[in-house]
file model_31.cif (mmCIF, C-alpha atoms and all ligand atoms)
data_structure
#
loop_
_atom_site.label_atom_id
_atom_site.label_comp_id
_atom_site.auth_asym_id
_atom_site.auth_seq_id
_atom_site.Cartn_x
_atom_site.Cartn_y
_atom_site.Cartn_z
CA MET A 1 19.61 -18.23 13.59
CA THR A 2 22.89 -16.42 13.03
CA GLU A 3 24.48 -14.65 10.04
CA GLN A 4 26.32 -17.89 9.17
CA ASP A 5 23.01 -19.63 8.43
CA PHE A 6 22.58 -17.27 5.49
CA THR A 7 25.97 -17.98 3.91
CA PRO A 8 25.52 -20.62 1.20
CA LYS A 9 28.19 -23.34 1.04
CA SER A 10 28.59 -23.27 -2.74
CA TYR A 11 26.78 -23.28 -6.03
CA THR A 12 28.81 -24.03 -9.10
CA SER A 13 25.96 -22.79 -11.20
CA LYS A 14 25.00 -23.98 -14.64
CA VAL A 15 22.41 -21.24 -15.14
CA GLU A 16 23.42 -18.86 -17.98
CA SER A 17 20.55 -16.39 -17.79
CA GLY A 18 17.02 -15.86 -16.58
CA SER A 19 14.65 -13.37 -15.07
CA VAL A 20 12.57 -13.05 -11.91
CA LYS A 21 9.90 -10.59 -10.87
CA TRP A 22 8.39 -9.58 -7.52
CA GLU A 23 6.07 -6.95 -6.11
CA SER A 24 6.66 -5.87 -2.55
CA PRO A 25 4.70 -3.42 -0.40
CA SER A 26 5.61 -0.57 1.88
CA ASN A 27 4.90 -0.85 5.61
CA ILE A 28 3.93 1.53 8.39
CA ALA A 29 5.43 1.10 11.85
CA LEU A 30 3.24 1.22 14.95
CA VAL A 31 6.23 0.96 17.30
CA LYS A 32 9.03 2.85 15.57
CA TYR A 33 12.60 1.85 14.79
CA TRP A 34 14.89 4.83 15.31
CA GLY A 35 18.56 4.22 16.06
CA LYS A 36 20.83 1.47 14.75
CA ARG A 37 24.21 -0.13 15.30
CA GLU A 38 26.72 -1.37 12.67
CA SER A 39 25.27 -3.60 9.92
CA GLN A 40 21.74 -2.31 10.30
CA ILE A 41 21.14 -3.85 13.72
CA PRO A 42 18.25 -1.98 15.34
CA GLU A 43 18.68 -0.40 18.76
CA ASN A 44 15.07 -1.23 19.57
CA PRO A 45 12.33 -3.56 18.36
CA SER A 46 9.55 -2.36 16.05
CA ILE A 47 6.26 -3.67 14.68
CA SER A 48 4.49 -2.60 11.51
CA PHE A 49 1.38 -3.12 9.44
CA THR A 50 2.30 -4.31 5.95
CA LEU A 51 0.44 -2.20 3.35
CA SER A 52 -1.08 -3.40 0.10
CA ASN A 53 -1.46 -0.61 -2.47
CA CYS A 54 1.83 1.25 -2.02
CA LYS A 55 4.31 -1.14 -3.56
CA THR A 56 7.36 -1.55 -5.80
CA ILE A 57 7.41 -3.93 -8.77
CA THR A 58 10.90 -5.14 -9.72
CA GLU A 59 12.10 -7.45 -12.46
CA VAL A 60 15.72 -8.61 -12.49
CA THR A 61 17.13 -10.12 -15.68
CA TYR A 62 20.51 -11.81 -15.17
CA THR A 63 23.10 -12.91 -17.70
CA LYS A 64 26.36 -14.74 -16.99
CA LYS A 65 29.41 -12.49 -17.53
CA GLU A 66 33.22 -12.52 -17.40
CA GLY A 67 35.20 -10.48 -14.87
CA THR A 68 34.78 -9.93 -11.16
CA ASP A 69 33.27 -6.44 -10.86
CA PHE A 70 29.63 -5.91 -10.02
CA SER A 71 27.73 -5.14 -13.19
CA PHE A 72 24.16 -3.84 -13.25
CA ASP A 73 21.84 -1.29 -14.85
CA VAL A 74 18.88 0.29 -13.15
CA ILE A 75 15.79 1.20 -15.16
CA PHE A 76 13.33 3.18 -13.08
CA GLU A 77 9.82 3.66 -14.51
CA GLY A 78 11.05 2.84 -18.01
CA GLU A 79 14.16 5.04 -18.02
CA LYS A 80 17.78 4.28 -17.27
CA ASN A 81 18.52 5.81 -13.89
CA ALA A 82 22.08 6.44 -12.71
CA ALA A 83 20.96 8.11 -9.45
CA PHE A 84 20.04 4.77 -7.83
CA LYS A 85 23.34 3.11 -8.75
CA PRO A 86 25.50 4.12 -5.74
CA LYS A 87 22.86 2.84 -3.30
CA ILE A 88 22.65 -0.51 -5.09
CA GLN A 89 26.45 -0.75 -5.37
CA THR A 90 26.71 -0.31 -1.56
CA PHE A 91 23.92 -2.84 -1.08
CA PHE A 92 25.70 -5.41 -3.29
CA GLU A 93 28.93 -4.86 -1.33
CA ARG A 94 27.08 -5.46 1.94
CA VAL A 95 25.28 -8.62 0.86
CA GLU A 96 27.79 -10.33 -1.44
CA GLY A 97 29.03 -12.63 1.34
CA TYR A 98 25.50 -14.03 1.58
CA LEU A 99 24.80 -14.02 -2.18
CA PRO A 100 28.16 -14.99 -3.73
CA PHE A 101 26.72 -15.17 -7.27
CA LEU A 102 26.48 -11.37 -7.44
CA ARG A 103 29.82 -10.96 -9.25
CA ASP A 104 29.07 -13.71 -11.80
CA TYR A 105 26.17 -12.06 -13.63
CA HIS A 106 25.16 -8.79 -15.23
CA PHE A 107 21.82 -7.65 -13.78
CA LYS A 108 19.21 -5.51 -15.47
CA ILE A 109 17.05 -4.16 -12.65
CA GLU A 110 13.74 -2.76 -13.92
CA THR A 111 11.69 -1.18 -11.18
CA SER A 112 8.62 1.00 -10.70
CA ASN A 113 6.40 2.14 -7.84
CA THR A 114 2.60 2.24 -7.67
CA PHE A 115 2.85 5.54 -5.78
CA PRO A 116 4.34 8.76 -7.18
CA HIS A 117 8.13 9.00 -6.69
CA SER A 118 7.88 12.56 -5.43
CA SER A 119 5.15 11.89 -2.87
CA GLY A 120 7.37 12.03 0.19
CA ILE A 121 6.57 8.32 0.70
CA ALA A 122 9.81 6.47 1.29
CA SER A 123 10.28 3.83 -1.40
CA SER A 124 13.25 2.21 0.35
CA ALA A 125 11.17 -0.40 2.23
CA SER A 126 9.22 -1.60 -0.81
CA GLY A 127 12.16 -1.08 -3.21
CA MET A 128 14.81 -2.88 -1.18
CA SER A 129 12.49 -5.75 -0.23
CA ALA A 130 11.46 -6.27 -3.89
CA LEU A 131 15.13 -6.36 -4.96
CA ALA A 132 16.06 -8.72 -2.09
CA LEU A 133 13.24 -11.09 -3.11
CA CYS A 134 14.41 -11.09 -6.75
CA LEU A 135 17.96 -11.94 -5.63
CA MET A 136 16.61 -14.72 -3.43
CA SER A 137 14.64 -16.18 -6.35
CA ILE A 138 17.86 -16.21 -8.39
CA GLU A 139 19.68 -17.95 -5.55
CA GLU A 140 16.85 -20.47 -5.33
CA GLN A 141 17.24 -21.23 -9.04
CA LEU A 142 21.01 -21.65 -8.67
CA THR A 143 20.50 -23.90 -5.66
CA LYS A 144 17.85 -26.00 -7.40
CA ASN A 145 19.96 -26.43 -10.48
CA VAL A 146 23.08 -27.52 -8.74
CA ILE A 147 22.02 -29.36 -5.67
CA GLN A 148 20.07 -32.58 -5.89
CA SER A 149 16.71 -32.35 -4.24
CA GLU A 150 17.69 -34.87 -1.56
CA SER A 151 20.64 -32.81 -0.39
CA GLU A 152 20.58 -31.03 2.93
CA GLU A 153 21.13 -27.62 1.38
CA PHE A 154 18.16 -27.86 -0.94
CA GLN A 155 15.93 -29.34 1.75
CA ASN A 156 16.72 -26.31 3.87
CA PHE A 157 15.64 -23.99 1.08
CA ASN A 158 11.97 -24.01 2.10
CA SER A 159 9.62 -21.03 2.18
CA ASP A 160 10.41 -20.24 5.82
CA PHE A 161 14.14 -20.06 5.05
CA PHE A 162 13.42 -18.11 1.83
CA ASN A 163 11.38 -15.46 3.68
CA LYS A 164 13.85 -15.17 6.55
CA LYS A 165 16.82 -14.76 4.23
CA ALA A 166 14.89 -12.34 1.97
CA SER A 167 14.09 -10.26 5.06
CA PHE A 168 17.73 -10.52 6.23
CA ILE A 169 19.00 -9.33 2.82
CA ALA A 170 16.37 -6.55 2.63
CA ARG A 171 17.45 -5.34 6.09
CA LEU A 172 20.98 -4.82 4.81
CA GLY A 173 19.52 -2.55 2.09
CA SER A 174 17.25 -0.53 4.35
CA GLY A 175 16.35 -1.52 7.91
CA SER A 176 12.58 -1.19 7.73
CA ALA A 177 12.52 -3.09 4.39
CA CYS A 178 12.90 -6.33 6.37
CA ARG A 179 9.31 -5.83 7.59
CA SER A 180 7.83 -5.84 4.04
CA ILE A 181 8.24 -9.50 3.04
CA GLU A 182 5.24 -10.86 4.91
CA GLY A 183 2.01 -9.51 6.36
CA GLU A 184 -0.10 -8.48 8.05
CA LEU A 185 1.95 -7.48 11.09
CA VAL A 186 5.70 -7.98 11.31
CA VAL A 187 8.06 -7.61 14.27
CA TRP A 188 11.74 -6.80 13.83
CA GLY A 189 14.26 -6.65 16.67
CA GLU A 190 14.87 -9.04 19.50
CA THR A 191 12.45 -8.51 22.36
CA LYS A 192 11.31 -10.71 25.25
CA SER A 193 7.57 -10.54 24.50
CA ILE A 194 7.92 -12.05 20.98
CA SER A 195 9.55 -15.45 21.31
CA ASP A 196 11.07 -15.86 17.82
CA SER A 197 12.00 -12.18 17.31
CA SER A 198 15.41 -11.37 15.86
CA ASP A 199 17.62 -8.37 15.13
CA LEU A 200 18.59 -10.01 11.83
CA PHE A 201 15.20 -10.28 10.12
CA GLY A 202 11.50 -9.55 10.53
CA VAL A 203 9.10 -12.23 11.81
CA LYS A 204 5.38 -12.51 11.24
CA PHE A 205 3.26 -11.60 14.27
CA THR A 206 1.51 -14.91 14.83
CA GLU A 207 -0.86 -14.14 17.73
CA ASN A 208 -4.60 -14.12 16.95
CA VAL A 209 -5.34 -10.56 15.94
CA HIS A 210 -8.67 -9.30 17.34
CA PRO A 211 -11.33 -8.51 14.66
CA ASN A 212 -11.10 -4.81 15.67
CA PHE A 213 -7.65 -4.71 14.08
CA GLN A 214 -8.23 -6.88 11.03
CA ASN A 215 -8.21 -5.23 7.59
CA TYR A 216 -7.11 -1.96 9.16
CA GLN A 217 -7.17 1.06 6.86
CA ASP A 218 -4.41 3.60 6.22
CA ALA A 219 -5.12 6.85 4.37
CA ILE A 220 -1.79 8.54 3.65
CA LEU A 221 -2.23 12.30 3.54
CA LEU A 222 0.51 13.86 1.41
CA VAL A 223 1.35 17.05 3.25
CA ASP A 224 4.77 17.61 1.73
CA LYS A 225 5.97 15.78 -1.34
CA GLY A 226 9.50 17.24 -1.28
CA GLU A 227 12.71 15.30 -0.73
CA LYS A 228 13.33 14.45 2.93
CA GLN A 229 15.37 17.20 4.68
CA VAL A 230 17.19 14.59 6.72
CA SER A 231 17.88 11.08 5.45
CA SER A 232 17.00 8.24 7.80
CA THR A 233 20.69 7.19 7.79
CA VAL A 234 21.62 10.56 9.30
CA GLY A 235 18.59 10.44 11.63
CA HIS A 236 19.46 7.02 13.07
CA LYS A 237 23.04 8.19 13.75
CA LEU A 238 21.75 11.09 15.83
CA MET A 239 20.55 8.58 18.42
CA TYR A 240 24.23 7.97 19.35
CA GLY A 241 24.84 9.95 22.51
CA HIS A 242 21.26 11.29 22.48
CA SER A 243 20.26 12.27 26.03
CA PHE A 244 17.03 10.25 25.91
CA ALA A 245 18.25 7.29 23.86
CA SER A 246 18.45 4.54 26.47
CA LYS A 247 15.06 5.41 27.96
CA ARG A 248 13.54 5.52 24.48
CA PHE A 249 14.92 2.08 23.54
CA GLU A 250 13.52 0.64 26.78
CA GLN A 251 10.15 2.25 26.09
CA ALA A 252 9.93 0.61 22.64
CA HIS A 253 10.26 -2.85 24.28
CA GLU A 254 7.49 -1.94 26.75
CA ASN A 255 5.20 -0.51 24.07
CA LEU A 256 5.67 -3.54 21.87
CA ALA A 257 4.87 -5.92 24.73
CA GLU A 258 1.71 -3.99 25.53
CA LEU A 259 0.71 -3.65 21.88
CA LYS A 260 0.96 -7.42 21.57
CA GLU A 261 -1.72 -7.72 24.29
CA VAL A 262 -3.83 -4.94 22.76
CA LEU A 263 -3.78 -6.49 19.28
CA THR A 264 -5.18 -9.71 20.72
CA ASN A 265 -7.67 -8.26 23.25
CA GLY A 266 -9.02 -5.57 20.88
CA ASN A 267 -8.50 -2.56 23.20
CA GLN A 268 -8.85 0.30 20.74
CA LYS A 269 -8.28 3.06 23.28
CA ARG A 270 -4.83 1.73 24.25
CA PHE A 271 -4.01 1.00 20.59
CA ILE A 272 -4.59 4.68 19.77
CA GLU A 273 -2.56 5.87 22.77
CA ILE A 274 0.42 3.66 22.00
CA VAL A 275 0.44 4.37 18.25
CA GLU A 276 0.09 8.16 18.54
CA SER A 277 2.57 8.35 21.38
CA GLU A 278 5.10 6.34 19.32
CA ALA A 279 4.71 8.74 16.36
CA LEU A 280 5.20 11.81 18.55
CA THR A 281 8.12 10.18 20.39
CA LEU A 282 9.87 9.52 17.06
CA HIS A 283 9.56 13.21 16.19
CA ALA A 284 10.49 14.23 19.74
CA MET A 285 13.76 12.30 19.33
CA MET A 286 14.48 14.28 16.15
CA MET A 287 13.62 17.58 17.83
CA THR A 288 15.92 16.85 20.77
CA SER A 289 19.00 15.51 18.96
CA ILE A 290 22.07 17.62 18.17
CA PRO A 291 21.67 18.84 15.47
CA TYR A 292 17.91 19.03 16.03
CA PHE A 293 15.33 19.18 13.27
CA ILE A 294 11.59 19.37 12.72
CA LEU A 295 10.08 17.28 9.94
CA MET A 296 6.45 18.08 10.69
CA LYS A 297 4.91 21.01 8.80
CA PRO A 298 2.17 23.36 10.02
CA ASN A 299 -0.36 21.27 8.06
CA THR A 300 0.82 18.09 9.84
CA LEU A 301 -0.23 19.69 13.13
CA GLN A 302 -3.50 21.01 11.68
CA ILE A 303 -4.39 17.47 10.59
CA ILE A 304 -3.47 15.97 13.97
CA ASN A 305 -5.69 18.50 15.75
CA LYS A 306 -8.58 17.85 13.35
CA ILE A 307 -8.24 14.09 13.97
CA TRP A 308 -8.35 14.64 17.73
CA GLU A 309 -11.46 16.87 17.41
CA PHE A 310 -13.19 14.33 15.17
CA ARG A 311 -12.42 11.48 17.56
CA GLN A 312 -13.69 13.49 20.51
CA SER A 313 -16.92 14.57 18.86
CA THR A 314 -17.86 11.33 17.08
CA GLY A 315 -16.38 8.55 19.24
CA SER A 316 -14.47 7.28 16.20
CA ASN A 317 -11.41 5.04 16.65
CA ILE A 318 -9.41 7.01 14.09
CA CYS A 319 -5.76 7.79 14.96
CA PHE A 320 -2.61 8.97 13.24
CA THR A 321 0.97 7.93 12.87
CA LEU A 322 3.98 9.56 11.20
CA ASP A 323 7.09 8.41 9.38
CA ALA A 324 10.28 10.44 9.28
CA GLY A 325 8.50 13.16 7.30
CA ALA A 326 5.51 15.51 7.24
CA ASN A 327 2.92 13.14 5.74
CA VAL A 328 0.23 11.79 8.04
CA HIS A 329 -0.91 8.15 8.05
CA VAL A 330 -4.53 8.09 9.19
CA LEU A 331 -5.33 4.67 10.67
CA PHE A 332 -8.88 3.43 11.26
CA PRO A 333 -10.96 0.24 11.48
CA GLU A 334 -12.56 -1.16 8.33
CA ASP A 335 -16.13 -0.54 9.54
CA GLU A 336 -15.43 3.22 9.82
CA GLN A 337 -14.27 3.50 6.22
CA LYS A 338 -17.25 5.48 4.93
CA LYS A 339 -17.42 8.07 7.69
CA VAL A 340 -13.64 8.55 7.87
CA TYR A 341 -13.28 9.09 4.11
CA GLU A 342 -16.12 11.64 4.27
CA PHE A 343 -14.25 13.40 7.07
CA ILE A 344 -10.99 13.29 5.11
CA LYS A 345 -12.65 14.76 2.02
CA SER A 346 -14.48 17.49 3.88
CA GLU A 347 -11.89 18.46 6.51
CA LEU A 348 -8.41 17.15 5.79
CA VAL A 349 -7.85 17.30 2.03
CA ALA A 350 -7.40 21.07 2.33
CA TYR A 351 -4.13 20.45 4.22
CA CYS A 352 -2.72 18.03 1.62
CA GLN A 353 -0.38 19.24 -1.12
CA ASN A 354 -2.55 19.56 -4.25
CA GLY A 355 -5.30 17.74 -2.32
CA HIS A 356 -3.47 14.43 -2.73
CA TYR A 357 -3.85 11.40 -0.50
CA ILE A 358 -3.50 7.62 -0.99
CA CYS A 359 -6.04 5.04 0.23
CA ASP A 360 -4.32 1.93 1.49
CA THR A 361 -5.15 -1.06 3.62
CA VAL A 362 -3.24 -3.71 5.52
CA GLY A 363 -1.92 -6.47 3.25
CA LYS A 364 -0.38 -9.91 3.29
CA GLY A 365 3.11 -9.16 1.98
CA ALA A 366 5.14 -9.53 -1.18
CA LYS A 367 4.11 -11.61 -4.21
CA LYS A 368 6.12 -13.38 -6.88
CA LEU A 369 4.94 -12.41 -10.37
CA ALA A 370 4.99 -14.58 -13.45
O1 LIG B 1 14.46 1.87 7.15
P1 LIG B 1 14.97 3.23 7.40
O2 LIG B 1 16.43 3.27 7.74
O3 LIG B 1 14.59 4.20 6.31
O4 LIG B 1 14.27 3.81 8.76
C1 LIG B 1 12.91 4.06 8.83
C2 LIG B 1 12.52 4.51 10.17
C3 LIG B 1 11.07 4.96 10.36
O5 LIG B 1 10.34 4.87 9.16
C4 LIG B 1 11.04 6.40 10.81
C5 LIG B 1 10.40 4.13 11.45
C6 LIG B 1 10.10 2.70 11.07
O6 LIG B 1 10.18 1.86 11.98
O7 LIG B 1 9.72 2.42 9.92
#

call {"tool": "encode", "arguments": {"input": "model_31.cif", "output": "structure tokens"}}
result
Amino acid sequence: MTEQDFTPKSYTSKVESGSVKWESPSNIALVKYWGKRESQIPENPSISFTLSNCKTITEVTYTKKEGTDFSFDVIFEGEKNAAFKPKIQTFFERVEGYLPFLRDYHFKIETSNTFPHSSGIASSASGMSALALCLMSIEEQLTKNVIQSESEEFQNFNSDFFNKKASFIARLGSGSACRSIEGELVVWGETKSISDSSDLFGVKFTENVHPNFQNYQDAILLVDKGEKQVSSTVGHKLMYGHSFASKRFEQAHENLAELKEVLTNGNQKRFIEIVESEALTLHAMMMTSIPYFILMKPNTLQIINKIWEFRQSTGSNICFTLDAGANVHVLFPEDEQKKVYEFIKSELVAYCQNGHYICDTVGKGAKKLA
């Protein structure tokens, strides 16, 4: 598919107003996306587990209006929020070619997260995917109302197209958001080992996942709840001219190809090696860019060392991964839930800010709400 496939021919809509509501989860990458070209095209492929408890719930109410400017209000957790407006304005500008109804309506965007805003957990993946899905539901209504069900355009508006375009639109809001539409594993970025992979949208990983990796658990240890020191937009840009960039992009293709095998053959040892090495490589890229920066905190390293000791002494299959921040995602198989949570409570909570952590698990993707 190309960008043109997501440009609707026309809808001379008769819909005056309506509302749509979606919940969409966050995701955690196993092979990391770091570095992008124009229009949010990734420099390397990535794969992530879709989460289930960390999510954004967004309702968009739309009303037909006069004039050609974008018009919208953002209400975050019950209160009007002007701080989000510039980001959404930029997003609307980027996607209007694909959603030409955006200038015809006033939108009230009411949104909230199930996780605390100041937790250091990025809400851009869940937030942008929830908004993209709401906009897609509006487009679906406009398409249904105008185009007879026999027409080619409406026939093409099936759930596969819906998910692909929602992911495409979400990507233009925030790259990793395109991996939050479906579950349980999603690949984004064209790569030889995944036949239908694309730079434009995320695709569901359709191989048979070995039972060892089903219902995987993710305990998110909140080490530092502060605002990110470096935004991911700035971080991605630092991969331009980075001394290790081309080797790193190549490595992501190799790791993804091997992880595909591992996820189907159940090799936990290689899973752990690939996932932890990817997390440390992401941070190594940040530490070796110009300007360089360190997002891990002393407690991030304490937790990593404790996890390694625990794995060594108990034979557990626990491992860690990191986002572009200090928090630690502790990943482990479902059947180790009891012993790992005991370990977290007795050994790791001390390194979390105010003892806070979030228990999550792999999920199936976004849901439309009534
Ligand atoms: O989606 P962005 O632009 O916020 O980038 C996120 C990048 C990482 O979270 C660090 C890695 C990833 O693949 O999710």

call {"tool": "closest_atom_pairs", "arguments": {"input": "model_31.cif", "of": "chain A", "to": "ligand LIG 1 (chain B)", "cutoff": "8 Å", "atoms": "all atoms listed in the file", "output": "CSV"}}
result
residue,atom,partner,partner_atom,distance
A:Asn27,CA,B:LIG1,O7,7.2
A:Ile28,CA,B:LIG1,O7,6.1
A:Ala29,CA,B:LIG1,O6,4.8
A:Leu30,CA,B:LIG1,O6,7.6
A:Val31,CA,B:LIG1,O6,6.7
A:Lys32,CA,B:LIG1,O6,3.9
A:Tyr33,CA,B:LIG1,O6,3.7
A:Trp34,CA,B:LIG1,C2,5.7
A:Ser46,CA,B:LIG1,O6,5.9
A:Ile47,CA,B:LIG1,O6,7.3
A:Ser48,CA,B:LIG1,O6,7.2
A:Ala122,CA,B:LIG1,O3,7.3
A:Ser124,CA,B:LIG1,O3,6.4
A:Ala125,CA,B:LIG1,O1,6.3
A:Arg171,CA,B:LIG1,O1,7.9
A:Ser174,CA,B:LIG1,O1,4.6
A:Gly175,CA,B:LIG1,O1,4.0
A:Ser176,CA,B:LIG1,O1,3.6
A:Ala177,CA,B:LIG1,O1,6.0
A:Ser231,CA,B:LIG1,O3,7.7
A:Ser232,CA,B:LIG1,O3,4.9
A:Thr233,CA,B:LIG1,O2,5.8
A:His236,CA,B:LIG1,O2,7.2
A:Leu282,CA,B:LIG1,C4,7.1
A:Leu322,CA,B:LIG1,C4,7.7
A:Asp323,CA,B:LIG1,C4,4.7
A:Ala324,CA,B:LIG1,C4,4.4

call {"tool": "write_last_selection", "arguments": {"input": "model_31.cif", "atoms": "C-alpha atoms", "output": "PDB file, keeping the file's coordinate frame"}}
result
ATOM      1  CA  ASN A  27       4.900  -0.850   5.610  1.00  0.00           C
ATOM      2  CA  ILE A  28       3.930   1.530   8.390  1.00  0.00           C
ATOM      3  CA  ALA A  29       5.430   1.100  11.850  1.00  0.00           C
ATOM      4  CA  LEU A  30       3.240   1.220  14.950  1.00  0.00           C
ATOM      5  CA  VAL A  31       6.230   0.960  17.300  1.00  0.00           C
ATOM      6  CA  LYS A  32       9.030   2.850  15.570  1.00  0.00           C
ATOM      7  CA  TYR A  33      12.600   1.850  14.790  1.00  0.00           C
ATOM      8  CA  TRP A  34      14.890   4.830  15.310  1.00  0.00           C
ATOM      9  CA  SER A  46       9.550  -2.360  16.050  1.00  0.00           C
ATOM     10  CA  ILE A  47       6.260  -3.670  14.680  1.00  0.00           C
ATOM     11  CA  SER A  48       4.490  -2.600  11.510  1.00  0.00           C
ATOM     12  CA  ALA A 122       9.810   6.470   1.290  1.00  0.00           C
ATOM     13  CA  SER A 124      13.250   2.210   0.350  1.00  0.00           C
ATOM     14  CA  ALA A 125      11.170  -0.400   2.230  1.00  0.00           C
ATOM     15  CA  ARG A 171      17.450  -5.340   6.090  1.00  0.00           C
ATOM     16  CA  SER A 174      17.250  -0.530   4.350  1.00  0.00           C
ATOM     17  CA  GLY A 175      16.350  -1.520   7.910  1.00  0.00           C
ATOM     18  CA  SER A 176      12.580  -1.190   7.730  1.00  0.00           C
ATOM     19  CA  ALA A 177      12.520  -3.090   4.390  1.00  0.00           C
ATOM     20  CA  SER A 231      17.880  11.080   5.450  1.00  0.00           C
ATOM     21  CA  SER A 232      17.000   8.240   7.800  1.00  0.00           C
ATOM     22  CA  THR A 233      20.690   7.190   7.790  1.00  0.00           C
ATOM     23  CA  HIS A 236      19.460   7.020  13.070  1.00  0.00           C
ATOM     24  CA  LEU A 282       9.870   9.520  17.060  1.00  0.00           C
ATOM     25  CA  LEU A 322       3.980   9.560  11.200  1.00  0.00           C
ATOM     26  CA  ASP A 323       7.090   8.410   9.380  1.00  0.00           C
ATOM     27  CA  ALA A 324      10.280  10.440   9.280  1.00  0.00           C
TER      28      ALA A 324
END

call {"tool": "residues_around", "arguments": {"input": "model_31.cif", "residues": "Leu348 (chain A)", "least_positions_apart": "3", "cutoff": "10 Å", "atoms": "only C-alpha atoms", "output": "PyMOL selection string"}}
result
chain A and resi 221+299+302-304+306-307+341-345+351-352+355+357

call {"tool": "atom_distance", "arguments": {"input": "model_31.cif", "atom1": "CA of Thr63 (chain A)", "atom2": "CA of Phe6 (chain A)"}}
result
23.6 Å

call {"tool": "atom_distance", "arguments": {"input": "model_31.cif", "atom1": "CA of Gly266 (chain A)", "atom2": "CA of Gly189 (chain A)"}}
result
23.7 Å

call {"tool": "closest_residue", "arguments": {"input": "model_31.cif", "among": "A:Val187, A:Cys54, A:Ala170, A:Ile109", "to": "Ser19 (chain A)", "atoms": "all atoms listed in the file"}}
result
A:Ile109

call {"tool": "residues_around", "arguments": {"input": "model_31.cif", "residues": "Gly325 (chain A)", "least_positions_apart": "2", "cutoff": "10 Å", "atoms": "all atoms listed in the file", "output": "list of chain:residue names"}}
result
A:Gly120, A:Ile121, A:Ala122, A:Leu222, A:Val223, A:Asp224, A:Lys225, A:Gly226, A:Glu227, A:Lys228, A:Gln229, A:Val230, A:Ser231, A:Ser232, A:His283, A:Ile294, A:Leu295, A:Met296, A:Lys297, A:Thr300, A:Leu322, A:Asp323, A:Asn327, A:Val328

call {"tool": "closest_residue", "arguments": {"input": "model_31.cif", "among": "A:Ile41, A:Val234, A:Glu250, A:Glu96", "to": "Ser289 (chain A)", "atoms": "only C-alpha atoms"}}
result
A:Val234

call {"tool": "closest_residue", "arguments": {"input": "model_31.cif", "among": "A:Trp188, A:Phe320, A:Phe201, A:Phe162", "to": "Ile138 (chain A)", "atoms": "all atoms listed in the file"}}
result
A:Phe162

call {"tool": "closest_residue", "arguments": {"input": "model_31.cif", "among": "A:Arg270, A:Lys339, A:His242, A:Lys247", "to": "Pro291 (chain A)", "atoms": "only C-alpha atoms"}}
result
A:His242

call {"tool": "closest_atom_pairs", "arguments": {"input": "model_31.cif", "of": "region 250-345 of chain A", "to": "region 182-185 of chain A", "cutoff": "12 Å", "atoms": "only C-alpha atoms", "output": "CSV"}}
result
residue,atom,partner,partner_atom,distance
A:Leu259,CA,A:Leu185,CA,11.5
A:Lys260,CA,A:Leu185,CA,10.5
A:Leu263,CA,A:Leu185,CA,10.0

call {"tool": "closest_residue", "arguments": {"input": "model_31.cif", "among": "A:Ala284, A:Ala219, A:Ala82, A:Ile88", "to": "Arg248 (chain A)", "atoms": "all atoms listed in the file"}}
result
A:Ala284

call {"tool": "residues_around", "arguments": {"input": "model_31.cif", "residues": "Glu334 (chain A)", "least_positions_apart": "6", "cutoff": "10 Å", "atoms": "only C-alpha atoms", "output": "list in words"}}
result
Pro211, Asn212, Phe213, Gln214, Asn215, Tyr216, Gln217, Asp218, Val340 and Thr361 of chain A
